[in-house]
>>> print(open('protein-v1.csv').read())   # CSV, C-alpha atoms
chain,number,residue,atom,x,y,z
X,1,MET,CA,0.0,0.0,0.0
X,2,ASN,CA,1.2,3.5,-0.8
X,3,PRO,CA,2.7,5.1,2.4
X,4,ILE,CA,0.6,8.2,2.0
X,5,ILE,CA,-2.6,6.2,1.9
X,6,ALA,CA,-1.5,3.9,4.7
X,7,LYS,CA,-0.7,6.8,7.0
X,8,ALA,CA,-4.1,8.4,6.4
X,9,LEU,CA,-5.9,5.1,7.1
X,10,GLU,CA,-3.8,4.5,10.2
X,11,GLU,CA,-5.0,7.9,11.5
X,12,GLY,CA,-8.6,7.0,10.8
X,13,ARG,CA,-8.9,9.4,7.9
X,14,TYR,CA,-10.7,8.5,4.6
X,15,LYS,CA,-9.8,11.7,2.8
X,16,LEU,CA,-6.2,12.7,1.9
X,17,LEU,CA,-5.2,16.2,2.9
X,18,GLU,CA,-4.4,18.4,0.0
X,19,HIS,CA,-0.6,18.3,0.3
X,20,GLU,CA,-0.8,14.5,0.6
X,21,SER,CA,-2.9,14.5,-2.6
X,22,PHE,CA,-0.3,16.6,-4.4
X,23,GLU,CA,2.5,14.4,-3.1
X,24,LEU,CA,0.7,11.3,-4.4
X,25,LEU,CA,0.3,13.0,-7.9
X,26,ARG,CA,4.0,13.9,-7.9
X,27,GLN,CA,4.9,10.3,-7.3
X,28,TYR,CA,3.3,9.5,-10.7
X,29,ASN,CA,4.9,12.5,-12.4
X,30,ILE,CA,1.5,14.3,-12.8
X,31,PRO,CA,2.3,18.0,-13.0
X,32,VAL,CA,1.2,20.1,-10.1
X,33,PRO,CA,2.1,23.7,-9.2
X,34,ASP,CA,5.0,24.2,-6.8
X,35,PHE,CA,3.6,23.9,-3.3
X,36,ALA,CA,4.5,23.6,0.4
X,37,LEU,CA,2.7,22.9,3.6
X,38,VAL,CA,3.3,25.7,6.1
X,39,GLN,CA,2.2,26.2,9.7
X,40,ASN,CA,2.3,30.0,10.1
X,41,VAL,CA,3.1,33.3,8.5
X,42,ASP,CA,6.8,33.2,9.2
X,43,GLU,CA,7.1,29.8,7.4
X,44,ALA,CA,5.0,31.1,4.5
X,45,LEU,CA,7.2,34.1,4.0
X,46,LYS,CA,10.3,31.9,3.9
X,47,VAL,CA,8.9,29.3,1.5
X,48,VAL,CA,7.4,31.9,-0.9
X,49,LYS,CA,10.9,33.0,-1.7
X,50,ASP,CA,11.4,29.7,-3.5
X,51,ILE,CA,7.9,29.3,-4.9
X,52,GLY,CA,7.6,32.9,-6.1
X,53,TYR,CA,4.6,35.1,-6.5
X,54,PRO,CA,1.7,35.0,-7.4
X,55,VAL,CA,0.5,32.3,-5.0
X,56,VAL,CA,-2.6,30.7,-3.6
X,57,LEU,CA,-3.2,30.1,0.1
X,58,LYS,CA,-5.5,27.3,1.2
X,59,VAL,CA,-6.4,26.0,4.6
X,60,VAL,CA,-5.5,22.3,5.2
X,61,SER,CA,-8.0,20.6,7.6
X,62,PRO,CA,-9.3,17.0,7.8
X,63,ASP,CA,-12.7,18.6,8.9
X,64,ILE,CA,-13.3,20.8,5.9
X,65,ILE,CA,-14.5,19.4,2.6
X,66,HIS,CA,-15.3,22.6,0.6
X,67,LYS,CA,-12.6,25.1,1.5
X,68,SER,CA,-14.1,27.9,-0.6
X,69,ASP,CA,-17.4,27.7,1.3
X,70,VAL,CA,-15.8,28.7,4.6
X,71,GLY,CA,-13.4,31.3,3.2
X,72,GLY,CA,-10.4,28.9,3.3
X,73,VAL,CA,-8.9,29.8,-0.1
X,74,ILE,CA,-7.4,33.1,-1.2
X,75,LEU,CA,-6.1,33.5,-4.8
X,76,ASN,CA,-3.7,35.9,-6.6
X,77,ILE,CA,-1.5,36.8,-3.6
X,78,ASN,CA,1.3,39.0,-5.0
X,79,SER,CA,3.3,40.4,-2.1
X,80,ASP,CA,4.5,39.7,1.5
X,81,ASP,CA,1.9,42.0,2.9
X,82,GLU,CA,-0.9,40.3,0.9
X,83,LEU,CA,0.4,36.9,2.2
X,84,LYS,CA,0.3,38.1,5.8
X,85,ASN,CA,-3.2,39.4,5.4
X,86,ALA,CA,-4.3,36.2,3.7
X,87,CYS,CA,-3.1,34.0,6.6
X,88,GLU,CA,-5.0,36.2,9.1
X,89,ARG,CA,-8.1,36.3,7.0
X,90,ILE,CA,-8.3,32.5,6.6
X,91,ARG,CA,-7.8,31.9,10.3
X,92,ASN,CA,-10.6,34.4,11.1
X,93,ASN,CA,-12.8,32.9,8.4
X,94,ILE,CA,-12.4,29.4,9.9
X,95,LYS,CA,-13.0,30.6,13.4
X,96,GLU,CA,-16.3,32.2,12.3
X,97,LYS,CA,-17.6,29.7,9.7
X,98,ALA,CA,-16.0,26.4,10.8
X,99,PRO,CA,-15.0,26.7,14.5
X,100,TYR,CA,-15.1,22.9,14.8
X,101,ALA,CA,-12.3,22.4,12.2
X,102,ARG,CA,-8.8,21.3,13.1
X,103,ILE,CA,-6.2,23.2,11.1
X,104,SER,CA,-3.3,21.1,10.0
X,105,GLY,CA,-1.6,24.1,8.3
X,106,PHE,CA,-1.8,26.1,5.1
X,107,LEU,CA,-1.0,25.0,1.6
X,108,LEU,CA,1.0,27.6,-0.2
X,109,GLN,CA,0.8,27.0,-3.9
X,110,ARG,CA,2.1,28.7,-7.0
X,111,MET,CA,-0.7,30.2,-9.2
X,112,VAL,CA,-1.1,28.5,-12.5
X,113,PRO,CA,-1.5,30.9,-15.5
X,114,GLU,CA,-5.0,31.2,-17.0
X,115,GLY,CA,-5.9,28.3,-19.3
X,116,LEU,CA,-8.7,26.0,-20.3
X,117,GLU,CA,-10.2,24.3,-17.1
X,118,THR,CA,-10.9,20.6,-17.4
X,119,ILE,CA,-11.7,17.9,-14.9
X,120,ILE,CA,-10.4,14.4,-14.6
X,121,GLY,CA,-12.3,12.3,-12.0
X,122,ALA,CA,-12.7,8.7,-11.0
X,123,THR,CA,-15.0,6.5,-9.0
X,124,LYS,CA,-14.6,2.9,-8.1
X,125,ASP,CA,-17.4,0.6,-9.3
X,126,PRO,CA,-17.9,-2.6,-7.3
X,127,ILE,CA,-18.0,-4.6,-10.6
X,128,PHE,CA,-15.8,-2.8,-13.1
X,129,GLY,CA,-13.3,-1.2,-10.8
X,130,HIS,CA,-12.1,2.4,-11.4
X,131,VAL,CA,-13.9,4.4,-14.0
X,132,ILE,CA,-12.3,7.7,-15.2
X,133,ALA,CA,-14.3,10.6,-16.4
X,134,PHE,CA,-13.0,13.6,-18.5
X,135,GLY,CA,-14.8,16.9,-19.3
X,136,LEU,CA,-14.6,20.6,-19.0
X,137,GLY,CA,-13.9,21.8,-15.5
X,138,GLY,CA,-16.0,23.9,-13.1
X,139,VAL,CA,-19.7,24.2,-13.5
X,140,MET,CA,-19.5,23.5,-17.3
X,141,VAL,CA,-19.2,19.7,-16.7
X,142,GLU,CA,-22.5,19.8,-14.8
X,143,VAL,CA,-24.3,22.2,-17.1
X,144,LEU,CA,-23.3,20.7,-20.4
X,145,GLN,CA,-23.0,17.0,-19.4
X,146,ASP,CA,-20.3,16.7,-22.0
X,147,VAL,CA,-18.2,14.0,-20.4
X,148,SER,CA,-16.3,10.9,-21.6
X,149,PHE,CA,-15.7,7.7,-19.6
X,150,ARG,CA,-13.3,4.8,-19.7
X,151,ILE,CA,-12.5,1.8,-17.4
X,152,VAL,CA,-9.0,1.6,-16.0
X,153,PRO,CA,-6.4,0.7,-17.3
X,154,ILE,CA,-6.4,3.4,-19.9
X,155,THR,CA,-3.9,3.5,-22.8
X,156,GLU,CA,-2.7,6.6,-24.6
X,157,GLU,CA,-5.1,5.9,-27.5
X,158,ASP,CA,-8.0,5.6,-25.0
X,159,ALA,CA,-7.0,8.9,-23.4
X,160,ARG,CA,-6.8,10.7,-26.8
X,161,ALA,CA,-10.3,9.3,-27.7
X,162,MET,CA,-11.6,10.6,-24.3
X,163,VAL,CA,-10.4,14.1,-25.0
X,164,ARG,CA,-11.9,14.2,-28.5
X,165,GLU,CA,-15.2,12.7,-27.4
X,166,ILE,CA,-16.2,15.9,-25.5
X,167,LYS,CA,-17.9,17.4,-28.6
X,168,GLY,CA,-18.4,21.0,-27.4
X,169,GLY,CA,-15.4,21.0,-25.2
X,170,TYR,CA,-12.9,19.7,-27.8
X,171,ARG,CA,-13.5,22.7,-30.0
X,172,LEU,CA,-11.9,24.8,-27.3
X,173,PHE,CA,-8.7,22.8,-27.6
X,174,ASN,CA,-8.3,23.9,-31.2
X,175,GLY,CA,-8.3,27.6,-30.8
X,176,TYR,CA,-12.0,28.4,-31.0
X,177,ARG,CA,-12.4,32.0,-32.1
X,178,ASN,CA,-9.6,34.1,-30.5
X,179,MET,CA,-8.6,31.4,-28.0
X,180,PRO,CA,-5.2,29.8,-28.2
X,181,VAL,CA,-4.7,26.2,-29.2
X,182,ARG,CA,-4.3,24.0,-26.1
X,183,ASP,CA,-1.8,21.4,-25.2
X,184,GLU,CA,-3.9,18.3,-25.9
X,185,GLU,CA,-0.9,15.9,-25.5
X,186,ALA,CA,-0.3,17.2,-21.9
X,187,VAL,CA,-3.9,16.2,-20.9
X,188,ILE,CA,-3.6,12.8,-22.5
X,189,TYR,CA,-0.4,12.3,-20.5
X,190,ILE,CA,-2.1,13.2,-17.3
X,191,ILE,CA,-5.1,10.9,-18.0
X,192,THR,CA,-2.7,7.9,-18.6
X,193,LYS,CA,-0.6,8.6,-15.5
X,194,PHE,CA,-3.8,9.0,-13.4
X,195,SER,CA,-5.0,5.6,-14.7
X,196,GLU,CA,-1.7,4.1,-13.6
X,197,LEU,CA,-2.0,5.7,-10.1
X,198,LEU,CA,-5.5,4.2,-9.7
X,199,SER,CA,-4.4,0.8,-10.9
X,200,ASP,CA,-1.7,0.8,-8.3
X,201,ASN,CA,-3.9,2.0,-5.5
X,202,PRO,CA,-7.2,0.0,-5.2
X,203,ASN,CA,-7.9,1.7,-1.8
X,204,ILE,CA,-8.9,4.9,-3.7
X,205,VAL,CA,-12.7,5.0,-3.8
X,206,GLU,CA,-13.1,8.4,-5.4
X,207,ALA,CA,-10.8,11.1,-6.9
X,208,ASP,CA,-11.1,14.4,-8.6
X,209,LEU,CA,-8.5,16.6,-10.3
X,210,ASN,CA,-10.4,19.8,-10.7
X,211,PRO,CA,-9.4,21.9,-12.3
X,212,VAL,CA,-6.7,20.5,-14.6
X,213,ILE,CA,-5.6,23.7,-16.3
X,214,VAL,CA,-4.5,23.2,-19.9
X,215,LEU,CA,-2.1,25.9,-21.2
X,216,GLU,CA,-1.2,26.7,-24.8
X,217,ARG,CA,0.2,24.1,-27.1
X,218,GLY,CA,4.0,24.3,-27.5
X,219,GLY,CA,5.4,22.8,-24.3
X,220,LYS,CA,3.5,24.9,-21.8
X,221,GLY,CA,1.7,21.8,-20.6
X,222,ALA,CA,-1.2,21.2,-18.1
X,223,TYR,CA,-1.3,21.2,-14.3
X,224,ALA,CA,-3.6,19.7,-11.7
X,225,ALA,CA,-4.4,22.8,-9.7
X,226,ASP,CA,-6.5,21.0,-7.1
X,227,ALA,CA,-6.9,17.4,-6.1
X,228,ARG,CA,-9.2,15.3,-3.8
X,229,PHE,CA,-8.8,11.6,-2.9
X,230,ILE,CA,-11.3,9.6,-0.9
X,231,ILE,CA,-9.9,6.3,0.3
X,232,GLY,CA,-11.2,3.2,2.0
X,233,SER,CA,-10.2,-0.3,3.0
X,234,MET,CA,-9.9,-3.0,0.4
>>> encode(input="protein-v1.csv", output="structure tokens")
Amino acid sequence: MNPIIAKALEEGRYKLLEHESFELLRQYNIPVPDFALVQNVDEALKVVKDIGYPVVLKVVSPDIIHKSDVGGVILNINSDDELKNACERIRNNIKEKAPYARISGFLLQRMVPEGLETIIGATKDPIFGHVIAFGLGGVMVEVLQDVSFRIVPITEEDARAMVREIKGGYRLFNGYRNMPVRDEEAVIYIITKFSELLSDNPNIVEADLNPVIVLERGGKGAYAADARFIIGSM
């Protein structure tokens, strides 16, 4: 069993903390923004020198599922003063809106440039095993219902077909109107590596990479900007 998953289960947790999720993705060479878990403002100010602005600050807590709902996420932090204020604001938000929550620290994360937001998700079916879904990220996947599915394991050819099956969404990959052409191959790579991760870790019950931000074609790639893993016993 993967040590990150084993540690969570030993602690009685069935959801990986966000930094654990990113560490798991890194093990499979899935691109994520530079990040670090920090405990306080002083640590954040030291770490940000290596990560560089702009950054995102997120609360890390085993008791909070939707961080944005309780004011636990602040985007586009561009200076030391803004970072100090962000730490204070998040602590105050949690005290007010989720006083029950244990705070394990803060995730300091490099902001990914604007791009096409997609989602790569997975659930574990009791008969078929892991099933991966791909579609446009955010509310678009719910509104348009333009999603493709495959059963793990997924080959590169399977992943390419998944990307091209989202009829409305795939037009956005090809420079629709004034939009840039997106790095389709980078998304295909992430889907195949995500399939490998799931195959190796049957304890994963549910997972979401949302958003996976797809940048311009030409080597700029794609990044999993947020990740969630629900785990369970075999």
>>> residues_around(input="protein-v1.csv", residues="Val212 (chain X)", least_positions_apart="6", cutoff="8 Å", atoms="all atoms listed in the file", output="NGL selection string")
:X and (117-120 or 137 or 222-226)
>>> residues_around(input="protein-v1.csv", residues="Leu17 (chain X)", least_positions_apart="4", cutoff="7 Å", atoms="all atoms listed in the file", output="short mmCIF file (atom, residue, chain, number, x, y, z; two decimals) with C-alpha atoms, in the frame of the given file")
data_model
loop_
_atom_site.label_atom_id
_atom_site.label_comp_id
_atom_site.auth_asym_id
_atom_site.auth_seq_id
_atom_site.Cartn_x
_atom_site.Cartn_y
_atom_site.Cartn_z
CA SER X 21 -2.90 14.50 -2.60
CA VAL X 60 -5.50 22.30 5.20
CA PRO X 62 -9.30 17.00 7.80
#
>>> residues_around(input="protein-v1.csv", residues="region 186-192 of chain X", least_positions_apart="2", cutoff="8 Å", atoms="all atoms listed in the file", output="JSON, numbers by chain")
{"X": [30, 31, 120, 154, 155, 156, 159, 160, 163, 183, 184, 194, 195, 196, 214, 221, 222]}
>>> residues_around(input="protein-v1.csv", residues="region 227-232 of chain X", least_positions_apart="2", cutoff="7 Å", atoms="all atoms listed in the file", output="list in words")
Tyr14, Lys15, Leu16, Glu18, Ser21, Phe22, Asn203, Ile204, Val205, Glu206, Ala207, Asp208, Leu209, Asn210, Ala224, Ala225 and Met234 of chain X
>>> closest_residue(input="protein-v1.csv", among="X:Leu108, X:Asn178, X:Pro202, X:Gly52", to="Pro126 (chain X)", atoms="only C-alpha atoms")
X:Pro202
